[in-house]
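Single-structure report; data block below.
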Amino acid sequence: METDQVLENIILELRRGVLVLAVLSQLEQEQYGYSLIKLLGEQGLEIDQGTLYPLLRRLEGQGLLESRWRVEESRPRRYYVISKAGQQVLVQLKEEWRQLTALLGRLL
Amino acid sequence: MELIDRYVAEVGRRLPEKNRLDIEKEIRSSLEDALEDRLGDEIGEPSEEVVLNLLKEMGPPDKVAASYLPPRYLIGPNLYPIFITVLRIALVVVAVIAAIGFGITLSQSARQLSDVGNILLQALAGVWSSVVQVFGIIVLVFAILQQVLPKGIEAEKAWDPRTLKTLTKPELIKPGELIGEIVFTLLVLILFTAYPEKIGIYFYTESAGRWSFIPILTAEFYMYIPWLALSWVLEISRNVLVLYQGRWTTATRWFSVACSLYSLILLTVMLTGPTFVQLAPQALTALPGIEIAPETISLSNNALNGAARLVLGLLIAFDLIELGKTVRRLLERRLNPKLG
């Protein structure tokens, strides 16, 4: 495998790991899929639709998110919001993230 | 918009029925959101180019559908190593049964070399269909296990490093044993190929005051000699090879398996075939001054025959044990490649 390809894969894995944290952090207020993509994009985190939508469902399946359909502008949209359990997890994840960045800051 | 319909349908086709409609609805709604965003203030139907670009960004339907599903296995990584072990054992058993069956058929029906070819072809066809059947059944059983076994149990089991197997070094050879085997096999080879007519019963008759000899190998046995010789040559070459390499390797072990299978076939042919030891009648009549009753001759022949078959039976048992050991070593190596 080419070095570029290896690098790309590692970066992809790294980003995938933090995506959950990013998504949970932005769902204190409810969002539908595309609005969440825009929201993350505005803050500099580009994420594929094909990656985000399955992730949202998975997090809902794990009980970290809640969702409901709402009809707006004559179109149904699925809105996601963080659940109680999700909020608790988010607090711990944030703490973990702080420790990790501090640790890596020392290492790098 | 027809492209979007086709896209959503294509993704949906790959999803389980349970949440297909829901996911389809969500993808469609999200795609429409994205389209609307790209069109901005434009009014009317989006151009095909915009839709094409959007779908390209979304990705191929099979990939999108796959990302909604947990990884699915016919036989998952937890079961796979056991599956391979079971498969190997089963295939060796099939090979042994086939070899013995081939030997029996051969001894009962083949009298010419062309017959042997035909029987071999038939046997190979039979082996192939057995292999496919056995493979199919084992895959089926493991696929069912994969579905019914609770997931993740393996990882949760408490694990104690003290339960690790102690290391053995089965590929270390014993040169003395190997050299002994080579010499013995070589002697047998020379005896049976160069002096088969000297094999028989030697006895001293006091009345004549000299040694007499009765050959015991029949014409049937002479037919087997080239095949036996091949078996011994194979065995000697294997032992020489192992001695030369200084250790057992996967290749020499497989070579051993082949030797054992060949020897099993040959011994089975002999065991189930016609009589090949008998007190030679012309030698009996030529004995100086000795009259042996026909009943005694017949009894002796029966005893000889019985003894010969007993030896064959023991040799077959020995072959099977050797084969079992070799296969076990091969499996151990497979499961623990760091051995040695």
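Letters A, B, ... mark the chains of the structure tokens in the order given; residue numbers begin at 1 per chain; ligand numbers begin at 1, in order shown.
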
Next item on the list: Please provide the set of residues having any atom within 9 Å of Lys84 of chain A, restricted to only C-alpha atoms, with same-chain residues fewer than 5 positions apart removed, written as a list in words.
Entry: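 Residues meeting the cut-off are Gly63, Leu64, Leu65 and Val89 of chain A.
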
Note to self: Residues of segment 57-99 of chain A classed as strand (DSSP E or B) by DSSP on the backbone are to be reported as an MDAnalysis selection string.
What the structure shows: chainID A and resid 65:72 75:82

Selection from above, all heavy atoms, as a compact mmCIF listing (two decimals), in the first residue's frame, can you write it?
# COMPACT_ATOMS: atom_id res chain seq x y z
N LEU A 65 -29.36 9.02 21.59
CA LEU A 65 -30.17 10.05 20.92
C LEU A 65 -31.63 9.63 20.92
O LEU A 65 -31.94 8.45 21.06
CB LEU A 65 -29.72 10.23 19.46
CG LEU A 65 -28.31 10.75 19.18
CD1 LEU A 65 -28.10 10.87 17.69
CD2 LEU A 65 -28.09 12.09 19.86
N GLU A 66 -32.50 10.63 20.74
CA GLU A 66 -33.91 10.34 20.53
C GLU A 66 -34.31 11.01 19.23
O GLU A 66 -33.69 11.99 18.83
CB GLU A 66 -34.75 10.92 21.68
CG GLU A 66 -34.64 10.10 22.95
CD GLU A 66 -35.13 10.86 24.18
OE1 GLU A 66 -35.55 12.03 24.02
OE2 GLU A 66 -35.07 10.28 25.28
N SER A 67 -35.33 10.45 18.59
CA SER A 67 -35.71 11.08 17.32
C SER A 67 -37.21 11.05 17.14
O SER A 67 -37.91 10.25 17.76
CB SER A 67 -35.05 10.35 16.15
OG SER A 67 -35.77 9.17 15.87
N ARG A 68 -37.69 11.94 16.30
CA ARG A 68 -39.11 11.91 15.92
C ARG A 68 -39.28 12.58 14.57
O ARG A 68 -38.47 13.43 14.19
CB ARG A 68 -39.97 12.60 16.99
CG ARG A 68 -39.65 14.06 17.14
CD ARG A 68 -40.35 14.62 18.37
NE ARG A 68 -39.91 16.00 18.59
CZ ARG A 68 -40.73 17.04 18.50
NH1 ARG A 68 -42.00 16.88 18.18
NH2 ARG A 68 -40.27 18.26 18.72
N TRP A 69 -40.32 12.15 13.87
CA TRP A 69 -40.62 12.75 12.57
C TRP A 69 -41.48 13.98 12.80
O TRP A 69 -42.38 13.98 13.63
CB TRP A 69 -41.38 11.75 11.70
CG TRP A 69 -40.51 10.69 11.09
CD1 TRP A 69 -40.34 9.43 11.56
CD2 TRP A 69 -39.71 10.82 9.94
NE1 TRP A 69 -39.46 8.74 10.77
CE2 TRP A 69 -39.05 9.57 9.74
CE3 TRP A 69 -39.45 11.85 9.03
CZ2 TRP A 69 -38.18 9.34 8.69
CZ3 TRP A 69 -38.58 11.61 7.98
CH2 TRP A 69 -37.95 10.38 7.81
N ARG A 70 -41.18 15.02 12.02
CA ARG A 70 -42.01 16.22 12.07
C ARG A 70 -42.22 16.71 10.66
O ARG A 70 -41.28 16.67 9.85
CB ARG A 70 -41.30 17.29 12.89
CG ARG A 70 -42.13 17.72 14.07
CD ARG A 70 -41.39 18.51 15.08
NE ARG A 70 -40.65 19.65 14.56
CZ ARG A 70 -39.76 20.31 15.29
NH1 ARG A 70 -39.52 19.94 16.54
NH2 ARG A 70 -39.12 21.34 14.79
N VAL A 71 -43.43 17.14 10.35
CA VAL A 71 -43.67 17.65 9.00
C VAL A 71 -43.49 19.16 9.00
O VAL A 71 -44.12 19.88 9.78
CB VAL A 71 -45.08 17.28 8.50
CG1 VAL A 71 -45.29 17.80 7.08
CG2 VAL A 71 -45.25 15.78 8.53
N GLU A 72 -42.57 19.61 8.15
CA GLU A 72 -42.29 21.04 8.05
C GLU A 72 -42.22 21.40 6.59
O GLU A 72 -41.63 20.65 5.80
CB GLU A 72 -40.92 21.34 8.67
CG GLU A 72 -40.98 21.74 10.12
CD GLU A 72 -39.59 21.98 10.66
OE1 GLU A 72 -38.64 21.85 9.88
OE2 GLU A 72 -39.46 22.29 11.84
N ARG A 75 -42.79 18.87 4.11
CA ARG A 75 -41.87 17.74 3.98
C ARG A 75 -41.59 17.12 5.35
O ARG A 75 -41.33 17.86 6.31
CB ARG A 75 -40.57 18.20 3.35
CG ARG A 75 -39.61 17.04 3.18
CD ARG A 75 -38.31 17.39 2.54
NE ARG A 75 -38.42 18.36 1.48
CZ ARG A 75 -37.60 19.39 1.34
NH1 ARG A 75 -36.63 19.57 2.19
NH2 ARG A 75 -37.75 20.25 0.35
N PRO A 76 -41.66 15.80 5.45
CA PRO A 76 -41.35 15.19 6.74
C PRO A 76 -39.84 15.20 6.99
O PRO A 76 -39.06 14.95 6.07
CB PRO A 76 -41.86 13.76 6.59
CG PRO A 76 -41.85 13.51 5.12
CD PRO A 76 -41.99 14.81 4.43
N ARG A 77 -39.46 15.51 8.20
CA ARG A 77 -38.03 15.48 8.55
C ARG A 77 -37.87 14.76 9.88
O ARG A 77 -38.69 14.91 10.76
CB ARG A 77 -37.47 16.89 8.69
CG ARG A 77 -37.17 17.53 7.38
CD ARG A 77 -36.76 18.96 7.60
NE ARG A 77 -36.38 19.60 6.35
CZ ARG A 77 -36.59 20.87 6.08
NH1 ARG A 77 -37.18 21.65 6.98
NH2 ARG A 77 -36.20 21.39 4.93
N ARG A 78 -36.76 14.06 9.98
CA ARG A 78 -36.51 13.35 11.23
C ARG A 78 -35.59 14.19 12.09
O ARG A 78 -34.46 14.48 11.69
CB ARG A 78 -35.86 12.01 10.93
CG ARG A 78 -35.75 11.15 12.14
CD ARG A 78 -35.20 9.80 11.81
NE ARG A 78 -35.55 8.88 12.87
CZ ARG A 78 -35.97 7.65 12.68
NH1 ARG A 78 -36.08 7.18 11.46
NH2 ARG A 78 -36.27 6.88 13.69
N TYR A 79 -36.07 14.52 13.26
CA TYR A 79 -35.28 15.37 14.17
C TYR A 79 -34.63 14.52 15.25
O TYR A 79 -35.28 13.66 15.84
CB TYR A 79 -36.19 16.43 14.82
CG TYR A 79 -36.40 17.63 13.93
CD1 TYR A 79 -37.36 17.59 12.93
CD2 TYR A 79 -35.63 18.78 14.10
CE1 TYR A 79 -37.56 18.68 12.10
CE2 TYR A 79 -35.82 19.87 13.27
CZ TYR A 79 -36.78 19.82 12.28
OH TYR A 79 -36.95 20.89 11.46
N TYR A 80 -33.37 14.80 15.49
CA TYR A 80 -32.64 14.08 16.55
C TYR A 80 -32.27 15.04 17.66
O TYR A 80 -31.95 16.21 17.42
CB TYR A 80 -31.34 13.49 15.98
CG TYR A 80 -31.54 12.35 15.02
CD1 TYR A 80 -31.66 12.61 13.66
CD2 TYR A 80 -31.59 11.04 15.46
CE1 TYR A 80 -31.84 11.57 12.76
CE2 TYR A 80 -31.76 10.01 14.57
CZ TYR A 80 -31.89 10.27 13.22
OH TYR A 80 -32.07 9.23 12.33
N VAL A 81 -32.30 14.53 18.90
CA VAL A 81 -31.86 15.32 20.04
C VAL A 81 -31.19 14.37 21.03
O VAL A 81 -31.50 13.18 21.07
CB VAL A 81 -33.06 16.06 20.68
CG1 VAL A 81 -33.98 15.09 21.39
CG2 VAL A 81 -32.58 17.15 21.63
N ILE A 82 -30.28 14.92 21.82
CA ILE A 82 -29.55 14.05 22.75
C ILE A 82 -30.48 13.58 23.87
O ILE A 82 -31.33 14.33 24.34
CB ILE A 82 -28.32 14.79 23.31
CG1 ILE A 82 -27.36 13.81 24.02
CG2 ILE A 82 -28.72 15.91 24.25
CD1 ILE A 82 -25.98 14.40 24.23

Note to self: Should the cut-off be 9 Å, what would the residue list for chain A against chain B look like, counting only C-alpha atoms, as a ChimeraX atom specification?
What the structure shows: /A:32-35,48-51,53-55,57-58,75-78

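Between Gln29 of chain A and the candidates A:Leu93, A:Ser83, A:Ser74, A:Arg106, the tightest atom-to-atom separation, counting only C-alpha atoms, involves A:Ser83.
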
Note to self: When you look at Ser260 of chain B with a cut-off of 12 Å (counting only C-alpha atoms), what residues show up, excluding the ones that are within fewer than 4 positions of it in the same chain? I need them as a PyMOL selection string.
What the structure shows: chain B and resi 92+95-96+99-100+231-232+234-235+238+253-256+264-268+315-327

Check: Got a sec: who's within 10 Å of Glu220 of chain B, counting only C-alpha atoms, leaving out chain neighbours fewer than 2 positions off, as a ChimeraX atom specification?
Finding: /B:217-218,222-225,270,273-277

How would the residues just chosen look if you wrote them out with C-alpha atoms as a JSON list (two decimals), in the first residue's frame?
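Resulting contents of result05.json:
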[["chain", "number", "residue", "atom", "x", "y", "z"],
["B", 217, "LEU", "CA", 5.21, -66.02, -1.61],
["B", 218, "THR", "CA", 2.67, -66.68, -4.38],
["B", 222, "TYR", "CA", 4.99, -60.66, -6.90],
["B", 223, "MET", "CA", 2.37, -58.35, -8.43],
["B", 224, "TYR", "CA", 2.46, -56.20, -5.32],
["B", 225, "ILE", "CA", 6.25, -55.91, -5.15],
["B", 270, "MET", "CA", -3.50, -56.67, -0.01],
["B", 273, "GLY", "CA", -7.35, -59.26, -1.96],
["B", 274, "PRO", "CA", -6.56, -62.90, -2.78],
["B", 275, "THR", "CA", -4.15, -65.06, -0.78],
["B", 276, "PHE", "CA", -0.53, -64.15, -1.32],
["B", 277, "VAL", "CA", 1.27, -66.55, 1.01]]

Check: Excluding same-chain residues fewer than 5 positions from Ala307 of chain B, what lies within 12 Å of it counting only C-alpha atoms, as a list in words?
Finding: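 In the requested format, the answer is Leu271, Thr275, Phe276, Val277, Gln278, Ser300, Asn301, Asn302, Leu312, Gly313 and Leu314 of chain B.
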
Checklist line | Among listed residues B:Thr193, B:Leu186, B:Ile75, B:Ala123, nearest Ile144 of chain B (using only C-alpha atoms) | finding: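 Using only C-alpha atoms, the shortest distance to Ile144 of chain B belongs to B:Ile75.
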